[in-house]
>>> print(open('run-v2.pdb').read())   # PDB, C-alpha atoms and all ligand atoms
ATOM      1  CA  MET A  12     118.469 112.607  98.140  1.00  0.00           C
ATOM      2  CA  ARG A  13     114.712 112.287  98.481  1.00  0.00           C
ATOM      3  CA  PRO A  14     113.495 108.691  98.279  1.00  0.00           C
ATOM      4  CA  LYS A  15     111.753 107.571  95.116  1.00  0.00           C
ATOM      5  CA  THR A  16     108.168 106.564  95.733  1.00  0.00           C
ATOM      6  CA  ILE A  17     105.923 104.051  94.015  1.00  0.00           C
ATOM      7  CA  VAL A  18     102.260 105.021  94.372  1.00  0.00           C
ATOM      8  CA  PHE A  19      99.564 102.361  94.100  1.00  0.00           C
ATOM      9  CA  ASP A  20      95.840 102.486  93.681  1.00  0.00           C
ATOM     10  CA  LEU A  21      94.166 100.091  96.128  1.00  0.00           C
ATOM     11  CA  ASP A  22      90.977  98.364  94.904  1.00  0.00           C
ATOM     12  CA  GLY A  23      91.557  96.245  91.817  1.00  0.00           C
ATOM     13  CA  THR A  24      95.303  97.003  91.902  1.00  0.00           C
ATOM     14  CA  LEU A  25      96.793  95.715  95.182  1.00  0.00           C
ATOM     15  CA  VAL A  26      93.745  93.870  96.484  1.00  0.00           C
ATOM     16  CA  ASP A  27      91.032  91.841  94.830  1.00  0.00           C
ATOM     17  CA  SER A  28      88.234  93.703  96.566  1.00  0.00           C
ATOM     18  CA  LEU A  29      85.850  94.051  93.665  1.00  0.00           C
ATOM     19  CA  PRO A  30      83.414  91.230  94.663  1.00  0.00           C
ATOM     20  CA  ASP A  31      82.979  92.596  98.212  1.00  0.00           C
ATOM     21  CA  ILE A  32      82.511  96.147  96.917  1.00  0.00           C
ATOM     22  CA  SER A  33      80.016  94.957  94.314  1.00  0.00           C
ATOM     23  CA  ASN A  34      78.021  92.974  96.891  1.00  0.00           C
ATOM     24  CA  SER A  35      77.867  95.930  99.287  1.00  0.00           C
ATOM     25  CA  PHE A  36      76.982  98.248  96.412  1.00  0.00           C
ATOM     26  CA  ARG A  37      74.105  96.025  95.282  1.00  0.00           C
ATOM     27  CA  TYR A  38      72.841  95.399  98.839  1.00  0.00           C
ATOM     28  CA  GLY A  39      71.211  98.831  99.076  1.00  0.00           C
ATOM     29  CA  PHE A  40      69.076  98.322  95.976  1.00  0.00           C
ATOM     30  CA  ALA A  41      67.530  95.174  97.421  1.00  0.00           C
ATOM     31  CA  LYS A  42      67.039  96.815 100.826  1.00  0.00           C
ATOM     32  CA  LEU A  43      65.279  99.825  99.292  1.00  0.00           C
ATOM     33  CA  GLY A  44      63.178  97.709  96.912  1.00  0.00           C
ATOM     34  CA  LEU A  45      64.908  98.985  93.773  1.00  0.00           C
ATOM     35  CA  PRO A  46      65.982  96.856  90.787  1.00  0.00           C
ATOM     36  CA  VAL A  47      69.416  95.399  91.597  1.00  0.00           C
ATOM     37  CA  PRO A  48      71.999  96.192  88.902  1.00  0.00           C
ATOM     38  CA  ASP A  49      74.000  93.489  87.192  1.00  0.00           C
ATOM     39  CA  ALA A  50      77.319  92.682  88.923  1.00  0.00           C
ATOM     40  CA  THR A  51      79.319  93.039  85.696  1.00  0.00           C
ATOM     41  CA  ALA A  52      77.923  96.520  85.092  1.00  0.00           C
ATOM     42  CA  VAL A  53      78.744  97.508  88.671  1.00  0.00           C
ATOM     43  CA  ARG A  54      82.292  96.186  88.404  1.00  0.00           C
ATOM     44  CA  ALA A  55      82.993  98.484  85.450  1.00  0.00           C
ATOM     45  CA  GLU A  56      82.243 101.515  87.656  1.00  0.00           C
ATOM     46  CA  ILE A  57      84.351 100.558  90.696  1.00  0.00           C
ATOM     47  CA  GLY A  58      87.039 103.105  91.433  1.00  0.00           C
ATOM     48  CA  LYS A  59      84.720 106.081  91.081  1.00  0.00           C
ATOM     49  CA  PRO A  60      83.353 107.842  94.169  1.00  0.00           C
ATOM     50  CA  LEU A  61      80.344 106.038  95.627  1.00  0.00           C
ATOM     51  CA  GLU A  62      77.922 108.867  94.842  1.00  0.00           C
ATOM     52  CA  GLU A  63      78.946 108.826  91.172  1.00  0.00           C
ATOM     53  CA  MET A  64      78.620 105.061  91.014  1.00  0.00           C
ATOM     54  CA  TYR A  65      75.086 105.150  92.419  1.00  0.00           C
ATOM     55  CA  ALA A  66      74.112 108.014  90.125  1.00  0.00           C
ATOM     56  CA  SER A  67      74.834 105.679  87.180  1.00  0.00           C
ATOM     57  CA  PHE A  68      72.242 103.152  88.360  1.00  0.00           C
ATOM     58  CA  ALA A  69      69.614 104.949  90.455  1.00  0.00           C
ATOM     59  CA  PRO A  70      67.421 108.064  90.445  1.00  0.00           C
ATOM     60  CA  ALA A  71      69.207 111.065  91.972  1.00  0.00           C
ATOM     61  CA  GLU A  72      66.819 111.205  94.944  1.00  0.00           C
ATOM     62  CA  GLN A  73      67.831 107.664  95.989  1.00  0.00           C
ATOM     63  CA  VAL A  74      71.613 108.195  95.920  1.00  0.00           C
ATOM     64  CA  ALA A  75      72.022 109.405  99.512  1.00  0.00           C
ATOM     65  CA  ALA A  76      69.993 106.483 100.920  1.00  0.00           C
ATOM     66  CA  LEU A  77      71.957 103.998  98.807  1.00  0.00           C
ATOM     67  CA  CYS A  78      75.269 105.448 100.016  1.00  0.00           C
ATOM     68  CA  ALA A  79      74.061 105.071 103.608  1.00  0.00           C
ATOM     69  CA  CYS A  80      73.217 101.405 102.932  1.00  0.00           C
ATOM     70  CA  TYR A  81      76.697 100.837 101.489  1.00  0.00           C
ATOM     71  CA  ARG A  82      78.390 102.463 104.465  1.00  0.00           C
ATOM     72  CA  GLU A  83      76.339 100.239 106.772  1.00  0.00           C
ATOM     73  CA  HIS A  84      77.106  97.018 104.863  1.00  0.00           C
ATOM     74  CA  TYR A  85      80.692  97.387 103.606  1.00  0.00           C
ATOM     75  CA  PRO A  86      82.497  97.780 106.972  1.00  0.00           C
ATOM     76  CA  GLN A  87      80.930  94.470 108.063  1.00  0.00           C
ATOM     77  CA  HIS A  88      81.854  92.616 104.866  1.00  0.00           C
ATOM     78  CA  PHE A  89      85.007  94.247 103.488  1.00  0.00           C
ATOM     79  CA  THR A  90      87.176  91.163 104.037  1.00  0.00           C
ATOM     80  CA  ASP A  91      84.608  88.460 103.215  1.00  0.00           C
ATOM     81  CA  GLN A  92      86.368  87.676  99.928  1.00  0.00           C
ATOM     82  CA  THR A  93      88.965  90.459  99.592  1.00  0.00           C
ATOM     83  CA  ARG A  94      92.588  89.325  99.442  1.00  0.00           C
ATOM     84  CA  PRO A  95      95.854  90.774  98.112  1.00  0.00           C
ATOM     85  CA  TYR A  96      96.547  89.770  94.524  1.00  0.00           C
ATOM     86  CA  PRO A  97      99.270  87.116  94.137  1.00  0.00           C
ATOM     87  CA  GLY A  98     102.758  88.575  94.485  1.00  0.00           C
ATOM     88  CA  VAL A  99     101.676  91.879  96.039  1.00  0.00           C
ATOM     89  CA  LEU A 100     103.174  91.315  99.503  1.00  0.00           C
ATOM     90  CA  GLU A 101     106.446  90.127  98.010  1.00  0.00           C
ATOM     91  CA  LEU A 102     106.624  93.067  95.594  1.00  0.00           C
ATOM     92  CA  LEU A 103     106.018  95.666  98.307  1.00  0.00           C
ATOM     93  CA  ALA A 104     108.657  94.050 100.525  1.00  0.00           C
ATOM     94  CA  GLN A 105     111.177  93.928  97.665  1.00  0.00           C
ATOM     95  CA  LEU A 106     110.593  97.577  96.734  1.00  0.00           C
ATOM     96  CA  ARG A 107     111.204  98.680 100.306  1.00  0.00           C
ATOM     97  CA  GLN A 108     114.270  96.479 100.655  1.00  0.00           C
ATOM     98  CA  ALA A 109     115.617  98.194  97.529  1.00  0.00           C
ATOM     99  CA  GLY A 110     115.206 101.590  99.219  1.00  0.00           C
ATOM    100  CA  PHE A 111     111.977 102.777  97.636  1.00  0.00           C
ATOM    101  CA  LYS A 112     109.003 104.214  99.480  1.00  0.00           C
ATOM    102  CA  THR A 113     105.517 102.840  98.862  1.00  0.00           C
ATOM    103  CA  ALA A 114     102.238 104.716  99.082  1.00  0.00           C
ATOM    104  CA  VAL A 115      98.569 104.065  98.427  1.00  0.00           C
ATOM    105  CA  ALA A 116      96.416 106.722  96.751  1.00  0.00           C
ATOM    106  CA  THR A 117      92.781 105.641  96.699  1.00  0.00           C
ATOM    107  CA  THR A 118      89.316 107.073  96.148  1.00  0.00           C
ATOM    108  CA  LYS A 119      88.243 105.255  99.329  1.00  0.00           C
ATOM    109  CA  GLN A 120      88.264 107.344 102.501  1.00  0.00           C
ATOM    110  CA  SER A 121      91.558 107.095 104.418  1.00  0.00           C
ATOM    111  CA  PHE A 122      90.076 105.395 107.477  1.00  0.00           C
ATOM    112  CA  MET A 123      88.464 102.617 105.443  1.00  0.00           C
ATOM    113  CA  ALA A 124      91.579 102.096 103.298  1.00  0.00           C
ATOM    114  CA  THR A 125      93.683 101.813 106.455  1.00  0.00           C
ATOM    115  CA  ARG A 126      91.234  99.340 107.998  1.00  0.00           C
ATOM    116  CA  LEU A 127      91.336  97.187 104.870  1.00  0.00           C
ATOM    117  CA  LEU A 128      95.126  97.186 104.524  1.00  0.00           C
ATOM    118  CA  THR A 129      95.512  96.448 108.223  1.00  0.00           C
ATOM    119  CA  ALA A 130      93.099  93.513 108.064  1.00  0.00           C
ATOM    120  CA  LEU A 131      94.967  92.059 105.085  1.00  0.00           C
ATOM    121  CA  GLY A 132      98.415  92.377 106.669  1.00  0.00           C
ATOM    122  CA  LEU A 133      99.700  94.955 104.182  1.00  0.00           C
ATOM    123  CA  VAL A 134      99.861  98.047 106.360  1.00  0.00           C
ATOM    124  CA  ALA A 135     103.459  97.520 107.516  1.00  0.00           C
ATOM    125  CA  LEU A 136     104.622  97.412 103.877  1.00  0.00           C
ATOM    126  CA  ILE A 137     103.177 100.824 102.947  1.00  0.00           C
ATOM    127  CA  ASP A 138     104.774 104.098 104.008  1.00  0.00           C
ATOM    128  CA  HIS A 139     101.588 106.159 103.657  1.00  0.00           C
ATOM    129  CA  ILE A 140      97.921 105.413 102.964  1.00  0.00           C
ATOM    130  CA  GLN A 141      96.155 108.384 101.398  1.00  0.00           C
ATOM    131  CA  GLY A 142      92.412 108.326 100.878  1.00  0.00           C
ATOM    132  CA  THR A 143      90.274 110.953  99.175  1.00  0.00           C
ATOM    133  CA  ASP A 144      88.835 112.797 102.150  1.00  0.00           C
ATOM    134  CA  GLY A 145      86.811 115.659 100.718  1.00  0.00           C
ATOM    135  CA  PHE A 146      89.034 116.931  97.896  1.00  0.00           C
ATOM    136  CA  PRO A 147      88.954 116.275  94.113  1.00  0.00           C
ATOM    137  CA  HIS A 148      89.215 112.579  93.276  1.00  0.00           C
ATOM    138  CA  LYS A 149      91.206 110.863  90.527  1.00  0.00           C
ATOM    139  CA  PRO A 150      91.652 111.698  87.639  1.00  0.00           C
ATOM    140  CA  ALA A 151      92.662 114.860  89.541  1.00  0.00           C
ATOM    141  CA  PRO A 152      96.216 114.408  90.855  1.00  0.00           C
ATOM    142  CA  ASP A 153      95.435 115.626  94.401  1.00  0.00           C
ATOM    143  CA  VAL A 154      95.387 112.244  96.171  1.00  0.00           C
ATOM    144  CA  ILE A 155      98.741 111.282  94.618  1.00  0.00           C
ATOM    145  CA  LEU A 156     100.348 114.636  95.446  1.00  0.00           C
ATOM    146  CA  ARG A 157      99.148 114.397  99.048  1.00  0.00           C
ATOM    147  CA  ALA A 158     100.529 110.877  99.347  1.00  0.00           C
ATOM    148  CA  LEU A 159     103.924 112.031  98.046  1.00  0.00           C
ATOM    149  CA  ALA A 160     103.963 115.023 100.390  1.00  0.00           C
ATOM    150  CA  ALA A 161     103.223 112.740 103.349  1.00  0.00           C
ATOM    151  CA  VAL A 162     105.981 110.320 102.369  1.00  0.00           C
ATOM    152  CA  GLY A 163     108.451 113.110 101.637  1.00  0.00           C
ATOM    153  CA  GLY A 164     109.554 111.424  98.456  1.00  0.00           C
ATOM    154  CA  ASP A 165     109.585 112.055  94.721  1.00  0.00           C
ATOM    155  CA  GLY A 166     107.004 110.149  92.725  1.00  0.00           C
ATOM    156  CA  LEU A 167     108.319 107.528  90.322  1.00  0.00           C
ATOM    157  CA  TRP A 168     105.421 105.288  89.263  1.00  0.00           C
ATOM    158  CA  MET A 169     101.650 105.444  89.577  1.00  0.00           C
ATOM    159  CA  VAL A 170     100.242 101.920  89.412  1.00  0.00           C
ATOM    160  CA  GLY A 171      96.524 101.483  88.825  1.00  0.00           C
ATOM    161  CA  ASP A 172      93.692  99.518  87.242  1.00  0.00           C
ATOM    162  CA  THR A 173      91.577 102.311  85.714  1.00  0.00           C
ATOM    163  CA  VAL A 174      91.970 105.109  83.193  1.00  0.00           C
ATOM    164  CA  SER A 175      91.444 107.563  86.071  1.00  0.00           C
ATOM    165  CA  ASP A 176      94.536 106.199  87.829  1.00  0.00           C
ATOM    166  CA  ILE A 177      96.582 106.659  84.678  1.00  0.00           C
ATOM    167  CA  ALA A 178      95.291 110.195  84.054  1.00  0.00           C
ATOM    168  CA  ALA A 179      95.929 111.135  87.698  1.00  0.00           C
ATOM    169  CA  GLY A 180      99.443 109.692  87.557  1.00  0.00           C
ATOM    170  CA  LYS A 181     100.263 111.679  84.436  1.00  0.00           C
ATOM    171  CA  ALA A 182      98.786 114.847  85.949  1.00  0.00           C
ATOM    172  CA  ALA A 183     101.012 114.333  89.002  1.00  0.00           C
ATOM    173  CA  GLY A 184     104.069 113.955  86.753  1.00  0.00           C
ATOM    174  CA  LEU A 185     104.679 110.250  87.403  1.00  0.00           C
ATOM    175  CA  LYS A 186     105.302 107.405  85.006  1.00  0.00           C
ATOM    176  CA  THR A 187     102.214 105.231  84.741  1.00  0.00           C
ATOM    177  CA  TYR A 188     101.840 101.463  85.044  1.00  0.00           C
ATOM    178  CA  ALA A 189      98.439  99.996  84.203  1.00  0.00           C
ATOM    179  CA  VAL A 190      97.438  96.555  85.483  1.00  0.00           C
ATOM    180  CA  SER A 191      94.892  94.547  83.547  1.00  0.00           C
ATOM    181  CA  TRP A 192      93.367  92.419  86.349  1.00  0.00           C
ATOM    182  CA  GLY A 193      91.059  95.001  87.904  1.00  0.00           C
ATOM    183  CA  THR A 194      88.179  97.217  86.829  1.00  0.00           C
ATOM    184  CA  HIS A 195      89.247  98.153  83.292  1.00  0.00           C
ATOM    185  CA  ASP A 196      90.321  95.696  80.615  1.00  0.00           C
ATOM    186  CA  ALA A 197      93.515  96.085  78.594  1.00  0.00           C
ATOM    187  CA  ALA A 198      91.839  97.819  75.650  1.00  0.00           C
ATOM    188  CA  THR A 199      90.229 100.436  77.902  1.00  0.00           C
ATOM    189  CA  LEU A 200      93.494 101.005  79.748  1.00  0.00           C
ATOM    190  CA  ALA A 201      95.415 101.366  76.477  1.00  0.00           C
ATOM    191  CA  SER A 202      93.147 104.305  75.553  1.00  0.00           C
ATOM    192  CA  ALA A 203      94.727 106.235  78.456  1.00  0.00           C
ATOM    193  CA  HIS A 204      98.243 105.625  77.050  1.00  0.00           C
ATOM    194  CA  PRO A 205     100.044 104.331  80.151  1.00  0.00           C
ATOM    195  CA  ASP A 206     103.828 104.013  79.951  1.00  0.00           C
ATOM    196  CA  VAL A 207     103.428 100.317  80.746  1.00  0.00           C
ATOM    197  CA  LEU A 208     100.397  98.037  80.417  1.00  0.00           C
ATOM    198  CA  ALA A 209     101.067  94.756  82.213  1.00  0.00           C
ATOM    199  CA  THR A 210      99.475  91.476  83.236  1.00  0.00           C
ATOM    200  CA  THR A 211     101.854  90.985  86.214  1.00  0.00           C
ATOM    201  CA  LEU A 212     103.815  93.150  88.658  1.00  0.00           C
ATOM    202  CA  THR A 213     107.151  91.537  87.746  1.00  0.00           C
ATOM    203  CA  PRO A 214     108.094  94.180  85.130  1.00  0.00           C
ATOM    204  CA  LEU A 215     107.467  96.927  87.705  1.00  0.00           C
ATOM    205  CA  LEU A 216     110.220  95.578  89.926  1.00  0.00           C
ATOM    206  CA  GLU A 217     112.645  95.314  87.010  1.00  0.00           C
ATOM    207  CA  LEU A 218     111.831  98.791  85.655  1.00  0.00           C
ATOM    208  CA  THR A 219     112.069 100.337  89.115  1.00  0.00           C
ATOM    209  CA  ALA A 220     115.431  98.688  89.802  1.00  0.00           C
ATOM    210  CA  LEU A 221     116.709 100.068  86.480  1.00  0.00           C
ATOM    211  CA  SER A 222     115.738 103.580  87.516  1.00  0.00           C
ATOM    212  CA  GLN A 223     118.185 103.306  90.417  1.00  0.00           C
ATOM    213  CA  LYS A 224     121.129 102.794  88.107  1.00  0.00           C
TER     214      LYS A 224
HETATM  215 MG    MG B 301      91.153 100.655  91.371  1.00  0.00          MG
END
>>> encode(input="run-v2.pdb", output="structure tokens", more="lines below")
Ligand SMILES: [Mg+2]
Amino acid sequence: MRPKTIVFDLDGTLVDSLPDISNSFRYGFAKLGLPVPDATAVRAEIGKPLEEMYASFAPAEQVAALCACYREHYPQHFTDQTRPYPGVLELLAQLRQAGFKTAVATTKQSFMATRLLTALGLVALIDHIQGTDGFPHKPAPDVILRALAAVGGDGLWMVGDTVSDIAAGKAAGLKTYAVSWGTHDAATLASAHPDVLATTLTPLLELTALSQK
């Protein structure tokens, strides 16, 4: 029997990385002498590809230079404040002990996602880290399907903090579990009709254990 796999988004789902991303995102505006966007407005866009995020706040001709500033700044600051959310390490360990596979499916590039999860001590708890390396990003299901193919398992849950995660999970044929502590608030997440909308990861463990029976 193929192992059941739980697929997680990364930023805003497993790790509280939003302040470091926001700081690196805003750094380029100051460096280029552009008006720096409000941190709250930036936070609401995190999870989209960088180019799309910058296009929301800057003239099109500045987007490439801003992306270059981000890619200069973020690798030097990606663990300044970023930490796993409470309970994440324990949950991943418990899922694997119960015989499930775990995967990450993120809009970050694979190399940066792997660097982040390694630095935070999570890499040994994840069977495959799949970034979006030049193919359609969430809400397209591609990154989830590639993660499942790499793991060699059947997808059970997609866990994420944005409506794009939920749409991608549904498109990939998984059940969807929305978490309310990241980019999108509960009301926004509810508009995507996840199977579960939760304020902790505890129900995920219980629901996943039930699926074994
Ligand atoms: Mg996210």
>>> residues_around(input="run-v2.pdb", residues="Gly145 in chain A", least_positions_apart="4", cutoff="12 Å", atoms="all atoms listed in the file", output="ChimeraX atom specification")
/A:60,118-121,141,153-154
>>> write_last_selection(input="run-v2.pdb", atoms="C-alpha atoms", output="PDB file, keeping the file's coordinate frame")
ATOM      1  CA  PRO A  60      83.353 107.842  94.169  1.00  0.00           C
ATOM      2  CA  THR A 118      89.316 107.073  96.148  1.00  0.00           C
ATOM      3  CA  LYS A 119      88.243 105.255  99.329  1.00  0.00           C
ATOM      4  CA  GLN A 120      88.264 107.344 102.501  1.00  0.00           C
ATOM      5  CA  SER A 121      91.558 107.095 104.418  1.00  0.00           C
ATOM      6  CA  GLN A 141      96.155 108.384 101.398  1.00  0.00           C
ATOM      7  CA  ASP A 153      95.435 115.626  94.401  1.00  0.00           C
ATOM      8  CA  VAL A 154      95.387 112.244  96.171  1.00  0.00           C
TER       9      VAL A 154
END
>>> closest_residue(input="run-v2.pdb", among="A:His88, A:Arg126, A:His204, A:Lys149", to="ligand MG 301 (chain B)", atoms="all atoms listed in the file")
A:Lys149
>>> resolve_selection(input="run-v2.pdb", expression="the PyMOL selection byres (((chain A and resi 182) around 12) and not hetatm)", output="short mmCIF file (atom, residue, chain, number, x, y, z; two decimals) with C-alpha atoms, in the frame of the given file")
data_model
loop_
_atom_site.label_atom_id
_atom_site.label_comp_id
_atom_site.auth_asym_id
_atom_site.auth_seq_id
_atom_site.Cartn_x
_atom_site.Cartn_y
_atom_site.Cartn_z
CA LYS A 149 91.21 110.86 90.53
CA PRO A 150 91.65 111.70 87.64
CA ALA A 151 92.66 114.86 89.54
CA PRO A 152 96.22 114.41 90.86
CA ASP A 153 95.44 115.63 94.40
CA VAL A 154 95.39 112.24 96.17
CA ILE A 155 98.74 111.28 94.62
CA LEU A 156 100.35 114.64 95.45
CA GLY A 166 107.00 110.15 92.72
CA MET A 169 101.65 105.44 89.58
CA SER A 175 91.44 107.56 86.07
CA ASP A 176 94.54 106.20 87.83
CA ILE A 177 96.58 106.66 84.68
CA ALA A 178 95.29 110.20 84.05
CA ALA A 179 95.93 111.14 87.70
CA GLY A 180 99.44 109.69 87.56
CA LYS A 181 100.26 111.68 84.44
CA ALA A 183 101.01 114.33 89.00
CA GLY A 184 104.07 113.96 86.75
CA LEU A 185 104.68 110.25 87.40
CA LYS A 186 105.30 107.40 85.01
CA THR A 187 102.21 105.23 84.74
#
>>> atom_distance(input="run-v2.pdb", atom1="CA of Leu200 in chain A", atom2="CA of Val174 in chain A")
5.6 Å
>>> resolve_selection(input="run-v2.pdb", expression="the PyMOL selection byres (((chain A and resi 137) around 8) and not hetatm)", output="number ranges by chain")
A: 103, 112-115, 133-136, 138-140
>>> residues_around(input="run-v2.pdb", residues="range 63-75 of chain A", least_positions_apart="5", cutoff="10 Å", atoms="only C-alpha atoms", output="list in words")
Phe36, Arg37, Gly39, Phe40, Leu43, Leu45, Pro46, Val47, Pro48, Asp49, Ala52, Val53, Arg54, Ala55, Glu56, Ile57, Gly58, Cys80 and Tyr81 of chain A
>>> residues_near_ligand(input="run-v2.pdb", ligand="ligand MG 301 (chain B)", cutoff="7 Å", atoms="all atoms listed in the file", output="ChimeraX atom specification")
/A:20-24,57-58,171-173,193-194
>>> residues_around(input="run-v2.pdb", residues="Leu212 in chain A", least_positions_apart="2", cutoff="10 Å", atoms="only C-alpha atoms", output="VMD selection string")
chain A and resid 24 to 25 96 to 99 102 170 188 to 190 209 to 210 214 to 217
>>> resolve_selection(input="run-v2.pdb", expression="the PyMOL selection byres (((chain A and resi 111) around 8) and not hetatm)", output="PyMOL selection string")
chain A and resi 14-17+106-110+112-113
>>> axis_aligned_box(input="run-v2.pdb", around="range 125-130 of chain A", padding_each_side="8 Å", output="JSON")
{"center_x": 93.4, "center_y": 97.7, "center_z": 106.4, "size_x": 20.3, "size_y": 24.3, "size_z": 19.7}
>>> residues_around(input="run-v2.pdb", residues="Thr90 in chain A", least_positions_apart="6", cutoff="8 Å", atoms="only C-alpha atoms", output="list in words")
Ser28, Asp31, Leu127, Ala130 and Leu131 of chain A
>>> write_last_selection(input="run-v2.pdb", atoms="C-alpha atoms", output="mmCIF file, in the coordinates of the input")
data_model
loop_
_atom_site.group_PDB
_atom_site.id
_atom_site.type_symbol
_atom_site.label_atom_id
_atom_site.label_comp_id
_atom_site.auth_asym_id
_atom_site.auth_seq_id
_atom_site.Cartn_x
_atom_site.Cartn_y
_atom_site.Cartn_z
ATOM 1 C CA SER A 28 88.234 93.703 96.566
ATOM 2 C CA ASP A 31 82.979 92.596 98.212
ATOM 3 C CA LEU A 127 91.336 97.187 104.870
ATOM 4 C CA ALA A 130 93.099 93.513 108.064
ATOM 5 C CA LEU A 131 94.967 92.059 105.085
#
>>> atom_distance(input="run-v2.pdb", atom1="CA of Arg157 in chain A", atom2="CA of Ala124 in chain A")
15.1 Å
>>> atom_distance(input="run-v2.pdb", atom1="CA of Glu101 in chain A", atom2="CA of Ser35 in chain A")
29.2 Å
>>> residues_around(input="run-v2.pdb", residues="Asp27 in chain A", least_positions_apart="6", cutoff="6 Å", atoms="all atoms listed in the file", output="MDAnalysis selection string")
chainID A and resid 93:96
>>> closest_residue(input="run-v2.pdb", among="A:Trp192, A:Glu62, A:Met123, A:Thr51", to="His148 in chain A", atoms="all atoms listed in the file")
A:Glu62
